[in-house]
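Asks: One structure is given below, represented as structure tokens, and several questions about it will come after.
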Amino acid sequence: MAISSSTASLNLTRPIGSVLPSPKFLAVHSLQHRSSPARFRRLAAVIPRRTVTRIEATKQTFNSFDELLEKSDKPVLVDFYATWCGPCQFMVPVLEEVGEKLKDKVQVVKIDTEKYVNIANKYGIQALPTFIIFKDGKPCDRFEGALTANQLIQRVEEALKVAQ
Amino acid sequence: MATQAAFLGSTLLSPKLDSSLRRSNRLKTRAQVDPSDKSVEIMRKFSEQYARKSGTYFCVDKGVTSVVIKGLADHKDSLGAPLCPCRHYDDKAAEVGQGFWNCPCVPMRERKECHCMLFLTPDNDFAGQEQTITLDEIKEATSKL
């Protein structure tokens, strides 16, 4: 039962999640027949208790960052980070939440500045994390430091409102 | 790289299997080497002492503190000095020589400004009440990285 799950683009983060096929007859079966624990356990192992959404992303090489910006149909929120940067790691679950809540409005991309040094240099990245919001392939807002999910959502929505 | 992605993609089966496979995936695909235990211990002691000395506190989320301490240890190992891990540099060796961003960095020494969230003044929203952190705490918090 191989699932095509994927990691965030341009960065091999820990797998975020995947959707498992859940055959209808098995689902009904597991709900009704609690009296056979062994079978229920087997079914429970196959069907995840919580649904996770598949996050569509592709692994891309450096040359494609500009392409990614060009071809994106939505504004892109880019997180420039490093593995051993504390606030950057703090932002990992925050970005997952924001990415999910704003998934129709913005695409979240994470760039490891140690792997993609040229991209980081091109945009003059200094402090980490740095967030840049790209609209039509051009940076339209930029800020540094960790923030809460609500603060980040507010900031992104403000940036998207400006100059429509 | 493509095989890595395929490997990760194909092994997510069930939540139970997932965590053990995830652990072994991480061992196989990790590109980064962990800093040495010795350096981590040195930077841990330094962080505790400097927090006390400067009247600052660690983050409520000790995970942040742990990651930064490991980042400092990593730079100490690779560059000889604990260069700030929360910055991007053109030339790390040159920065070490220059010294501005060697921990404790100039902004911290002069204005108690630590954007790594390692040393937080009591008025900071993220500041906790502690000025200590154990090696176990660090290992636990960074085990999933």
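Ordered as shown in the structure tokens, chains take letters A, B, and onward, while each chain numbers its residues from 1 and ligands are numbered from 1 in the order shown.
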Excluding same-chain residues fewer than 6 positions from range 93-108 of chain B, what lies within 10 Å of it counting only C-alpha atoms, as a list in words?
Replies: Met43, Phe46, Ser47, Tyr50, Ser54, Leu72, His75, Lys76, Ser78, Leu79, Gly80, Ala81, Pro82, Leu83, Cys84, Pro85, Cys86, Arg87, Cys114, His115, Phe119 and Leu120 of chain B
Asks: Next, the residues of the selection above should be written as a CSV table (one decimal), in the first residue's frame with N, CA, C and O atoms.
Replies:
chain,number,residue,atom,x,y,z
B,43,MET,N,29.0,24.5,25.4
B,43,MET,CA,28.0,25.6,25.1
B,43,MET,C,26.8,25.6,26.1
B,43,MET,O,26.3,26.7,26.3
B,46,PHE,N,28.2,27.3,29.1
B,46,PHE,CA,28.3,28.8,28.8
B,46,PHE,C,26.9,29.5,28.8
B,46,PHE,O,26.8,30.5,29.4
B,47,SER,N,25.9,28.8,28.2
B,47,SER,CA,24.6,29.4,28.2
B,47,SER,C,24.0,29.7,29.5
B,47,SER,O,23.5,30.7,29.8
B,50,TYR,N,26.1,32.5,31.2
B,50,TYR,CA,25.8,33.8,30.7
B,50,TYR,C,24.4,34.3,30.9
B,50,TYR,O,24.2,35.5,31.1
B,54,SER,N,23.9,37.8,32.8
B,54,SER,CA,23.2,38.9,32.1
B,54,SER,C,21.8,39.1,32.6
B,54,SER,O,21.1,40.0,32.2
B,72,LEU,N,25.4,26.5,18.2
B,72,LEU,CA,26.7,27.1,18.7
B,72,LEU,C,27.8,26.0,18.7
B,72,LEU,O,28.9,26.3,18.3
B,75,HIS,N,29.1,25.2,15.2
B,75,HIS,CA,30.0,26.1,14.7
B,75,HIS,C,31.3,26.1,15.4
B,75,HIS,O,32.4,26.3,14.8
B,76,LYS,N,31.3,25.8,16.7
B,76,LYS,CA,32.5,25.7,17.5
B,76,LYS,C,33.4,24.6,16.9
B,76,LYS,O,34.6,24.7,16.7
B,78,SER,N,33.1,23.3,13.8
B,78,SER,CA,33.6,23.4,12.4
B,78,SER,C,34.4,24.7,12.1
B,78,SER,O,35.2,24.7,11.2
B,79,LEU,N,34.2,25.7,13.0
B,79,LEU,CA,34.9,27.0,12.7
B,79,LEU,C,35.9,27.4,13.8
B,79,LEU,O,36.6,28.3,13.7
B,80,GLY,N,35.8,26.7,15.0
B,80,GLY,CA,36.6,27.0,16.1
B,80,GLY,C,36.1,28.0,17.0
B,80,GLY,O,36.6,28.3,18.1
B,81,ALA,N,34.9,28.7,16.6
B,81,ALA,CA,34.3,29.6,17.5
B,81,ALA,C,32.8,29.5,17.4
B,81,ALA,O,32.3,29.1,16.3
B,82,PRO,N,32.0,29.8,18.5
B,82,PRO,CA,30.6,29.7,18.4
B,82,PRO,C,29.9,30.8,17.6
B,82,PRO,O,29.4,31.8,18.3
B,83,LEU,N,30.0,30.8,16.3
B,83,LEU,CA,29.3,31.8,15.5
B,83,LEU,C,27.8,31.7,15.6
B,83,LEU,O,27.3,30.6,15.7
B,84,CYS,N,27.1,32.8,15.7
B,84,CYS,CA,25.7,32.8,15.8
B,84,CYS,C,25.0,31.9,14.8
B,84,CYS,O,25.2,32.1,13.5
B,85,PRO,N,24.2,30.9,15.2
B,85,PRO,CA,23.6,30.0,14.2
B,85,PRO,C,22.4,30.5,13.5
B,85,PRO,O,21.8,29.9,12.6
B,86,CYS,N,21.9,31.7,14.0
B,86,CYS,CA,20.7,32.3,13.4
B,86,CYS,C,20.9,33.4,12.4
B,86,CYS,O,20.2,34.4,12.3
B,87,ARG,N,22.0,33.2,11.7
B,87,ARG,CA,22.3,34.2,10.6
B,87,ARG,C,22.8,33.5,9.4
B,87,ARG,O,23.4,32.4,9.5
B,114,CYS,N,19.1,39.3,21.7
B,114,CYS,CA,19.5,38.0,21.2
B,114,CYS,C,18.4,37.5,20.3
B,114,CYS,O,17.3,37.0,20.8
B,115,HIS,N,18.5,37.6,19.0
B,115,HIS,CA,17.4,37.2,18.1
B,115,HIS,C,17.3,35.7,17.9
B,115,HIS,O,16.4,35.2,17.3
B,119,PHE,N,18.9,34.0,24.9
B,119,PHE,CA,18.9,34.8,26.1
B,119,PHE,C,17.8,35.9,26.0
B,119,PHE,O,17.9,36.8,25.2
B,120,LEU,N,16.8,35.7,26.8
B,120,LEU,CA,15.6,36.6,26.7
B,120,LEU,C,15.5,37.5,28.0
B,120,LEU,O,15.5,36.9,29.1
Asks: Running DSSP on the backbone, which parts of range 71-110 of chain B land in alpha helix (DSSP H), as JSON, numbers by chain?
Replies: {"B": [71, 72, 73, 74, 75, 76, 77, 78, 79, 92, 93, 94, 95, 96, 97, 98, 106, 107, 108, 109, 110]}
Asks: Write out, as a tab-separated table, each residue of range 73-124 of chain B that has an atom at most 12 Å from range 128-145 of chain B, together with the closest pair of atoms and their distance in Å to one decimal, counting only C-alpha atoms, rows going by chain and rising number.
Replies:
residue	atom	partner	partner_atom	distance
B:Ala73	CA	B:Ile138	CA	12.0
B:Met117	CA	B:Gly128	CA	10.9
B:Leu118	CA	B:Gln131	CA	10.2
B:Phe119	CA	B:Gln131	CA	9.0
B:Leu120	CA	B:Gly128	CA	8.2
B:Thr121	CA	B:Gly128	CA	9.4
B:Pro122	CA	B:Gly128	CA	7.8
B:Asp123	CA	B:Gly128	CA	10.0
B:Asn124	CA	B:Gly128	CA	8.8
Asks: With N, CA, C and O atoms retained, write the just-selected residues as a tab-separated table (two decimals), in the first residue's frame.
Replies:
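Done, and the output landed in result24.tsv:
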chain	number	residue	atom	x	y	z
B	73	ALA	N	27.42	24.86	19.23
B	73	ALA	CA	28.40	23.76	19.34
B	73	ALA	C	28.87	23.34	17.95
B	73	ALA	O	30.06	23.08	17.72
B	117	MET	N	16.76	33.95	20.35
B	117	MET	CA	15.86	33.60	21.46
B	117	MET	C	16.53	32.67	22.46
B	117	MET	O	15.88	31.83	23.07
B	118	LEU	N	17.88	32.82	22.59
B	118	LEU	CA	18.58	32.02	23.58
B	118	LEU	C	18.57	32.74	24.92
B	118	LEU	O	18.25	32.16	25.96
B	119	PHE	N	18.92	34.04	24.90
B	119	PHE	CA	18.94	34.84	26.13
B	119	PHE	C	17.83	35.89	26.02
B	119	PHE	O	17.93	36.82	25.22
B	120	LEU	N	16.80	35.73	26.84
B	120	LEU	CA	15.65	36.64	26.73
B	120	LEU	C	15.49	37.47	27.99
B	120	LEU	O	15.53	36.94	29.11
B	121	THR	N	15.29	38.78	27.79
B	121	THR	CA	15.06	39.65	28.94
B	121	THR	C	13.70	39.32	29.52
B	121	THR	O	12.80	38.88	28.79
B	122	PRO	N	13.50	39.52	30.84
B	122	PRO	CA	12.26	39.10	31.50
B	122	PRO	C	10.99	39.70	30.87
B	122	PRO	O	9.93	39.09	30.94
B	123	ASP	N	11.10	40.85	30.23
B	123	ASP	CA	9.90	41.47	29.65
B	123	ASP	C	9.51	40.85	28.31
B	123	ASP	O	8.46	41.17	27.75
B	124	ASN	N	10.34	39.96	27.77
B	124	ASN	CA	10.05	39.35	26.48
B	124	ASN	C	8.90	38.35	26.60
B	124	ASN	O	8.87	37.54	27.55
Asks: What is the distance between CA of Cys140 in chain A and CA of Leu160 in chain A, in Å to one decimal?
Replies: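 Pair CA of Cys140 in chain A / CA of Leu160 in chain A returns 8.8 Å.
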Asks: Show which residues sit within 10 Å of Asp73 in chain A, as a PDB file with C-alpha atoms, in the first residue's frame. Count only C-alpha atoms, and ignore same-chain residues fewer than 2 positions away.
Replies:
ATOM      1  CA  LEU A  68       8.878  28.107  -9.053  1.00  0.00           C
ATOM      2  CA  LEU A  69       8.188  31.772  -8.441  1.00  0.00           C
ATOM      3  CA  GLU A  70       7.334  32.329 -12.073  1.00  0.00           C
ATOM      4  CA  LYS A  71       5.018  29.383 -12.428  1.00  0.00           C
ATOM      5  CA  PRO A  75       1.649  34.399  -3.996  1.00  0.00           C
ATOM      6  CA  VAL A  76       4.533  32.539  -2.371  1.00  0.00           C
ATOM      7  CA  LYS A 105      -4.239  32.102  -0.844  1.00  0.00           C
ATOM      8  CA  VAL A 106      -0.550  31.393  -0.592  1.00  0.00           C
ATOM      9  CA  GLN A 107       2.032  28.693  -1.249  1.00  0.00           C
ATOM     10  CA  LYS A 135       3.712  38.305  -5.624  1.00  0.00           C
ATOM     11  CA  ASP A 136       4.024  37.740  -9.381  1.00  0.00           C
ATOM     12  CA  GLY A 137       7.565  36.563  -8.816  1.00  0.00           C
TER      13      GLY A 137
END
Asks: If we count only C-alpha atoms and set the cut-off at 7 Å, which residues sit around range 91-98 of chain A, ignoring sequence neighbours fewer than 4 positions away in its own chain? Please answer as an MDAnalysis selection string.
Replies: chainID A and resid 87 102 146 148:149 153
Asks: Restricting the output to C-alpha atoms, write the selected residues as a PDB file, in the first residue's frame.
Replies:
ATOM      1  CA  PRO A  87      13.528  30.341  16.045  1.00  0.00           C
ATOM      2  CA  LEU A 102      -4.183  29.890   3.938  1.00  0.00           C
ATOM      3  CA  ALA A 146       9.746  34.150  14.736  1.00  0.00           C
ATOM      4  CA  THR A 148       2.927  33.154  16.234  1.00  0.00           C
ATOM      5  CA  ALA A 149       0.530  31.672  13.698  1.00  0.00           C
ATOM      6  CA  ILE A 153      -1.541  35.074   9.114  1.00  0.00           C
TER       7      ILE A 153
END
Asks: Excluding Thr83 in chain A and any residue of its chain fewer than 3 positions from it, enumerate the residues within 9 Å of it, using only C-alpha atoms, and give them as an mmCIF file with all heavy atoms, in the first residue's frame.
Replies:
data_model
loop_
_atom_site.group_PDB
_atom_site.id
_atom_site.type_symbol
_atom_site.label_atom_id
_atom_site.label_comp_id
_atom_site.auth_asym_id
_atom_site.auth_seq_id
_atom_site.Cartn_x
_atom_site.Cartn_y
_atom_site.Cartn_z
ATOM 1 N N GLY A 86 17.326 28.186 16.243
ATOM 2 C CA GLY A 86 16.215 27.900 17.155
ATOM 3 C C GLY A 86 14.878 28.462 16.705
ATOM 4 O O GLY A 86 13.897 27.721 16.572
ATOM 5 N N CYS A 88 13.897 29.285 13.847
ATOM 6 C CA CYS A 88 13.460 28.659 12.595
ATOM 7 C C CYS A 88 12.740 27.347 12.893
ATOM 8 O O CYS A 88 11.718 27.037 12.266
ATOM 9 C CB CYS A 88 14.627 28.376 11.661
ATOM 10 S SG CYS A 88 15.605 29.831 11.244
ATOM 11 N N GLN A 89 13.261 26.584 13.829
ATOM 12 C CA GLN A 89 12.621 25.319 14.189
ATOM 13 C C GLN A 89 11.307 25.580 14.906
ATOM 14 O O GLN A 89 10.335 24.842 14.742
ATOM 15 C CB GLN A 89 13.555 24.475 15.069
ATOM 16 C CG GLN A 89 14.801 23.988 14.357
ATOM 17 C CD GLN A 89 14.482 23.169 13.110
ATOM 18 O OE1 GLN A 89 13.471 22.468 13.039
ATOM 19 N NE2 GLN A 89 15.325 23.269 12.105
ATOM 20 N N ASP A 112 16.517 26.033 2.760
ATOM 21 C CA ASP A 112 17.627 25.817 3.679
ATOM 22 C C ASP A 112 18.794 26.665 3.186
ATOM 23 O O ASP A 112 19.399 26.371 2.156
ATOM 24 C CB ASP A 112 17.990 24.320 3.681
ATOM 25 C CG ASP A 112 19.078 23.984 4.669
ATOM 26 O OD1 ASP A 112 19.826 24.910 5.071
ATOM 27 O OD2 ASP A 112 19.209 22.811 5.041
ATOM 28 N N THR A 113 19.115 27.723 3.942
ATOM 29 C CA THR A 113 20.134 28.657 3.474
ATOM 30 C C THR A 113 21.532 28.056 3.456
ATOM 31 O O THR A 113 22.446 28.620 2.854
ATOM 32 C CB THR A 113 20.157 29.920 4.347
ATOM 33 O OG1 THR A 113 20.382 29.531 5.710
ATOM 34 C CG2 THR A 113 18.851 30.679 4.245
ATOM 35 N N GLU A 114 21.711 26.916 4.124
ATOM 36 C CA GLU A 114 23.035 26.291 4.080
ATOM 37 C C GLU A 114 23.179 25.437 2.829
ATOM 38 O O GLU A 114 24.272 25.252 2.316
ATOM 39 C CB GLU A 114 23.263 25.449 5.339
ATOM 40 C CG GLU A 114 22.982 26.238 6.607
ATOM 41 C CD GLU A 114 24.029 26.042 7.678
ATOM 42 O OE1 GLU A 114 24.093 24.932 8.216
ATOM 43 O OE2 GLU A 114 24.776 26.995 7.950
ATOM 44 N N GLN B 32 23.178 16.219 7.783
ATOM 45 C CA GLN B 32 23.913 16.970 8.784
ATOM 46 C C GLN B 32 24.474 16.026 9.839
ATOM 47 O O GLN B 32 23.848 15.078 10.249
ATOM 48 C CB GLN B 32 22.917 17.908 9.477
ATOM 49 C CG GLN B 32 23.528 19.090 10.108
ATOM 50 C CD GLN B 32 23.129 20.347 9.341
ATOM 51 O OE1 GLN B 32 22.288 20.304 8.472
ATOM 52 N NE2 GLN B 32 23.759 21.443 9.656
ATOM 53 N N VAL B 67 18.119 23.854 20.370
ATOM 54 C CA VAL B 67 18.583 23.930 18.984
ATOM 55 C C VAL B 67 19.706 24.962 18.857
ATOM 56 O O VAL B 67 20.717 24.718 18.199
ATOM 57 C CB VAL B 67 17.415 24.284 18.036
ATOM 58 C CG1 VAL B 67 17.916 24.604 16.651
ATOM 59 C CG2 VAL B 67 16.426 23.127 17.973
ATOM 60 N N GLY B 71 23.489 24.503 17.746
ATOM 61 C CA GLY B 71 24.006 25.296 16.626
ATOM 62 C C GLY B 71 25.323 25.954 16.981
ATOM 63 O O GLY B 71 26.262 25.997 16.168
ATOM 64 N N PRO B 85 24.200 30.918 15.181
ATOM 65 C CA PRO B 85 23.599 29.994 14.215
ATOM 66 C C PRO B 85 22.351 30.545 13.530
ATOM 67 O O PRO B 85 21.819 29.902 12.620
ATOM 68 C CB PRO B 85 23.230 28.778 15.076
ATOM 69 C CG PRO B 85 23.065 29.314 16.459
ATOM 70 C CD PRO B 85 23.916 30.532 16.574
ATOM 71 N N LEU B 145 15.310 16.107 15.110
ATOM 72 C CA LEU B 145 15.831 16.943 14.025
ATOM 73 C C LEU B 145 16.623 16.110 13.021
ATOM 74 O O LEU B 145 17.403 15.275 13.407
ATOM 75 C CB LEU B 145 16.743 18.028 14.586
ATOM 76 C CG LEU B 145 16.039 19.312 15.018
ATOM 77 C CD1 LEU B 145 17.058 20.358 15.391
ATOM 78 C CD2 LEU B 145 15.192 19.859 13.873
#
